[in-house]
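Asker: Handing you this structure, nothing more for now.
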Amino acid sequence: MGVKVSVVMPVSNPGLSNDAFGACVRSVLEQSLPPEEYEVIFADDGSTDGTRRRLDAIAGQRDNVRVLHLDHSGSPARGRNVGLSVARGEYVYLLGQYDRLEPRALEVMYDRAVETDADVLIGRLASQGPPAAAFARDRDRADVLRDHLLALPTAHKLFSRDFLETCQLRFADRPLSEQAFVTRAYLAAKVIAVLAGEICCHLAPASAGTAAEEEGPDGEALFDGLNAVFDVVDAYTEPGSQRERIHAHWYRTLGLRRLAGARFLAAEPDERMVLFSFLRRFTLDRFPAALDVHLPAHLRARTALLRQDRLDALVALAEASRGTRLSAELRELRWDQGVLLLDLSVEILRAGGAPVWLRQRDDRLLWAPPPSVEGLLDGLLDDEGADMTDAVRRARVEVCVRHVETGVVHSLPVTCSVGRAGLGDRAGGGQVRVWVSGQARLDAGAAALGRPLPAGLWEVHVRMRGVQAGRTRVARPALPMSCAGALAGEPRRLVVPCWSEHGELGVCVEPKSFPESIALVSSRATVARQEGHVFVVVPVPYVPPSGGPPAELVLREQDGRGRSMVVPALVEPGIPGRVAGQLVARVPVSRIGGDDCLGPGSWRPALRVDQKDVDLLFGLAVRRGGQVSVLPAGASPQAPSLLRRIAVRVLRDRR
């Protein structure tokens with residue numbers, strides 16, 4: 001049987017001790033396909049760090065590994081092209097030197113490609129961000145626009161070698177060559193299939209968007225690269241909506257995004273001028289005003305400023321928009337028959353926390369610039385250009401969970417509705433704030449593409465689409481909210497909603513131990529003062545029927561003499577899935593302190609079970625009057641003065 005898949009990997013000084021490179025190499029060598037059915041081609045770009053010898057040693061032991069020794073070029077394009085030219089497989093997969101394949105990736109992608117007769121097969125990618133919309137489900141015949149394939153611009157795909165040779169598809173040695181290659185493949189392919197039900201490749205952070213070498217081309221290189229991408233689109237599409245929408249996508253993601261944000265504002269004036277000049281020239285040459293309809297309203301404003309040659313206003317708009325962010329407010333958290341429900345309210349806010357207001361005229365909602373630059377941008381967009389009515393109607397939120405250790409991300413089902421509140425007269429031009437309410441369902445038994453979530457801590461991330469794109473974490477609500485855990489899925493496993501040290505929502509599947517489960521929610525600890533004592537109360541997400549093992553609260557002084565004390569703790573049960581239990585410790589406190597009581601200063605608590613300590617996510621601050629308060633993890637009260645520390649120590653010694 002011949003070679004089914006060739007894996008082509010450009011390599012350039014990855015470092016012999018680099019864990020990511022080692023994991024990448026192991027992942028391609030340990031595939032489930034028999035070695036005689038796939039080959040690995042390392043195209044080494046003149047590495048000088050010992051990588052050549054390492055790869056040669058691997059090739060000497062494995063018949064399905066080849067190493068191409070190339071002169072240094074500084075670009076992966078040449079390595080990819082040479083690898084494609086010598087590949088023998090029916091299909092070719094392009095991989096980066098820090099990416100990682102799942103053990104069955106080549107086997108399942110090849111089988112799916114043969115089944116669908118695909119020219120291009122897109123296997124599910126895992127990255128640091130939310131899953132792409134293209135991976136909503138498997139597709140035998142994917143459409144470039146309908147299925148959001150342009151959001152997957154990297155070359156991590158399985159390509160038919162016959163297709164590549166027929167189209168003479170190769171990478172140009174210039175910026176944005178990867179986008180041009182992938183766009184041409186999309187538009188030339190007869191069949192593009194999507195394998196969404198199984199993760200195939202884990203992308204290195206630099207691969208999860210644009211290629212690392214193409215992150216920041218200068219103005220002239222960006223101009224050349226964008227023209228090349230547009231030339232590909234023009235060559236493979238007819239005039240009409242498809243061509244216009246693809247042009248608008250690349251113009252927005254590769255060009256306009258460069259004209260805002262911290263990097264743009266931090267650039268030297270000359271550098272900004274060069275970038276602006278080349279993008280203005282490109283806009284006038286290749287992006288007529290008729291295409292603005294395919295851009296969101298706030299980006300139409302940037303395009304209008306480009307055409308009007310108003311760099312000063314563009315910089316002012318970017319400055320006024322700095323700090324605009326997405327806010328996700330958790331309104332309710334509850335269990336429903338083993339499924340965790342998250343009720344969220346998501347809204348775009350200005351840097352100071354004020355909502356982003358839209359203008360209302362009759363039944364239309366119109367984009368409005370930030371108040372500080374409103375006069376500067378008067379007359380920039382007419383009502384048609386500023387119209388956001390349809391965008392607001394389509395607005396939605398996406399919620400996903402990300403495994404802290406592996407980085408694997410899974411989407412959650414969400415039900416959305418758009419809310420609004422207005423000020424002023426609708427006909428006379430009032431103001432409207434818009435938010436999206438979403439209820440996400442986390443079923444730990446099926447959230448991993450229909451399979452149970454692996455054990456561990458999962459962060460909760462939220463993304464908004466429609467009004468203005470953005471990503472955020474879910475912050476801890478100001479009001480108390482239940483952190484009760486529940487047994488969910490089959491087999492039954494403990495699932496605990498929790499908050500990080502920074503107050504961000506997460507979910508832990510199968511905490512390692514009873515004290516670990518308490519530590520996860522311990523940032524919600526409270527204190528209650530009584531004469532001579534303080535009761536420290538820590539939520540307990542789930543109390544087993546046995547009541548749990550005996551526990552003690554350990555308190556260590558963070559300043560002063562570094563004393564510690566241990567007090568017994570009582571665990572009180574709650575109602576699983578409804579009300580958390582609590583751990584209560586009665587701690588003696590005095591204004592001066594002593595060997596058997598807390599004194600002024602900051603104290604770090606830990607939970608001791610079976611002689612093992614687990615740190616808790618809060619601190620205790622004891623004031624000079626004996627008042628005790630809870631501090632967030634890592635915080636400490638203002639250190640007492642040297643005179644006060646000496647006085648306290650003298651009084652303590654006398655006592």
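Ordering of the structure tokens sets the chain letters (A, B, ...), residue numbers begin anew at 1 in every chain, and ligands are numbered from 1 in the order given.
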What parts of segment 312-393 of chain A does DSSP call alpha helix (DSSP H)? I'd like the answer as a ChimeraX atom specification.
Answerer: /A:312-321,383-386,389-393
Asker: Which segment 124-207 of chain A residues have any atom within 9 Å of an atom of segment 443-465 of chain A, and for each, what is the nearest pair of atoms with distance in Å to one decimal, counting only C-alpha atoms, rows sorted by chain and number, as a Markdown table?
Answerer:
| residue | atom | partner | partner_atom | distance |
| --- | --- | --- | --- | --- |
| A:Gly129 | CA | A:His461 | CA | 8.8 |
| A:Pro130 | CA | A:His461 | CA | 7.8 |
| A:Ala196 | CA | A:Leu449 | CA | 8.5 |
| A:Gly197 | CA | A:Leu449 | CA | 6.0 |
| A:Glu198 | CA | A:Leu449 | CA | 7.3 |
Asker: Let's have the selection written as a PDB file, in the first residue's frame, with N, CA and C atoms.
Answerer:
ATOM      1  N   GLY A 129      -8.106  30.407  21.774  1.00  0.00           N
ATOM      2  CA  GLY A 129      -9.367  31.125  21.692  1.00  0.00           C
ATOM      3  C   GLY A 129     -10.552  30.199  21.531  1.00  0.00           C
ATOM      4  N   PRO A 130     -11.753  30.785  21.437  1.00  0.00           N
ATOM      5  CA  PRO A 130     -12.967  29.984  21.242  1.00  0.00           C
ATOM      6  C   PRO A 130     -12.917  29.227  19.927  1.00  0.00           C
ATOM      7  N   ALA A 196     -15.394  18.150  12.280  1.00  0.00           N
ATOM      8  CA  ALA A 196     -15.563  18.957  13.494  1.00  0.00           C
ATOM      9  C   ALA A 196     -15.669  18.126  14.758  1.00  0.00           C
ATOM     10  N   GLY A 197     -15.982  16.855  14.623  1.00  0.00           N
ATOM     11  CA  GLY A 197     -16.314  16.056  15.800  1.00  0.00           C
ATOM     12  C   GLY A 197     -15.147  15.518  16.576  1.00  0.00           C
ATOM     13  N   GLU A 198     -13.919  15.787  16.120  1.00  0.00           N
ATOM     14  CA  GLU A 198     -12.745  15.270  16.831  1.00  0.00           C
ATOM     15  C   GLU A 198     -11.587  16.226  16.636  1.00  0.00           C
TER      16      GLU A 198
END
Asker: Point out the residue among A:Gly15, A:Gly375, A:Pro605, A:Gly338 with the least atom-to-atom distance to Met565 of chain A, counting only C-alpha atoms.
Answerer: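 Ranked by minimum distance to Met565 of chain A, first place goes to A:Pro605.
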Asker: Name the closest residue to Arg361 of chain A among the candidates A:Val92, A:Cys416, A:Leu314, A:Val432; distances are taken between atoms, counting only C-alpha atoms.
Answerer: A:Val432
Asker: Write out as a count of residues only each polymer residue whose atoms come within 7 Å of Val537 of chain A, counting only C-alpha atoms; drop sequence neighbours fewer than 3 positions from it.
Answerer: 7
Asker: Could you list, as a list of chain:residue names, every residue within 8 Å of Asp147 of chain A, counting only C-alpha atoms and ignoring same-chain residues fewer than 5 positions away?
Answerer: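 Those residues are A:Ala133, A:Ala134, A:Ala142.
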Asker: Let's have the selection written as a PDB file, in the first residue's frame, with N, CA and C atoms.
Answerer:
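As a result, again.pdb now contains:
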ATOM      1  N   ALA A 133     -16.399  29.130  14.168  1.00  0.00           N
ATOM      2  CA  ALA A 133     -17.771  28.776  13.802  1.00  0.00           C
ATOM      3  C   ALA A 133     -17.809  27.659  12.768  1.00  0.00           C
ATOM      4  N   ALA A 134     -16.731  27.500  12.000  1.00  0.00           N
ATOM      5  CA  ALA A 134     -16.686  26.439  10.989  1.00  0.00           C
ATOM      6  C   ALA A 134     -16.786  25.052  11.608  1.00  0.00           C
ATOM      7  N   ALA A 142     -18.546  21.974   2.382  1.00  0.00           N
ATOM      8  CA  ALA A 142     -18.552  23.258   3.083  1.00  0.00           C
ATOM      9  C   ALA A 142     -18.494  24.401   2.085  1.00  0.00           C
TER      10      ALA A 142
END
Asker: Would you mind listing what lies within 10 Å of segment 75-81 of chain A as a CSV table (one decimal) with C-alpha atoms, in the first residue's frame, with only C-alpha atoms counted and same-chain residues fewer than 3 positions away left out?
Answerer:
chain,number,residue,atom,x,y,z
A,8,VAL,CA,5.4,18.6,5.8
A,9,MET,CA,7.0,20.7,8.6
A,10,PRO,CA,9.3,23.7,8.1
A,11,VAL,CA,11.8,23.9,10.9
A,12,SER,CA,14.0,26.8,11.9
A,41,ILE,CA,9.2,15.6,5.9
A,42,PHE,CA,11.2,18.0,8.0
A,43,ALA,CA,12.3,21.0,5.9
A,44,ASP,CA,15.2,22.5,8.0
A,45,ASP,CA,15.8,26.1,7.2
A,68,LEU,CA,15.6,18.3,3.8
A,69,HIS,CA,18.7,20.4,4.6
A,70,LEU,CA,18.0,23.8,3.1
A,71,ASP,CA,20.0,27.0,3.1
A,72,HIS,CA,18.7,29.6,5.5
A,84,LEU,CA,5.3,19.8,-1.2
A,85,SER,CA,7.5,19.0,-4.2
A,86,VAL,CA,8.9,15.8,-2.8
A,87,ALA,CA,5.9,14.6,-0.9
A,94,LEU,CA,1.1,21.2,6.7
A,95,LEU,CA,2.2,21.6,10.3
A,96,GLY,CA,4.2,24.2,12.3
A,169,LEU,CA,-0.4,25.7,-5.5
A,170,ARG,CA,2.7,27.0,-3.8
A,171,PHE,CA,3.6,29.7,-1.2
A,172,ALA,CA,5.0,33.0,-2.3
A,173,ASP,CA,7.9,34.4,-0.3
A,174,ARG,CA,6.1,37.6,0.8
A,175,PRO,CA,3.8,38.7,3.7
A,177,SER,CA,1.4,34.3,1.6
A,178,GLU,CA,-0.4,31.9,3.9
A,213,GLU,CA,6.0,35.7,10.5
Asker: Residues of segment 204-448 of chain A in strand (DSSP E) according to DSSP, as a PyMOL selection string?
Answerer: chain A and resi 325-336+339-349+357-361+364-366+396-403+409-412+414-423+430-442
Asker: Neighbours of Pro14 of chain A within 12 Å (only C-alpha atoms; same-chain residues fewer than 5 positions away dropped), as a PyMOL selection string?
Answerer: chain A and resi 9+19-25+44-52+54-55+96-99
Asker: Can you pull out the residues contacting segment 232-246 of chain A? Cut-off 9 Å, using only C-alpha atoms, and skip same-chain residues under 2 positions away; I want them as a PyMOL selection string.
Answerer: chain A and resi 144-145+150+180-181+183-184+187-188+227-230+248-251+291+294-295
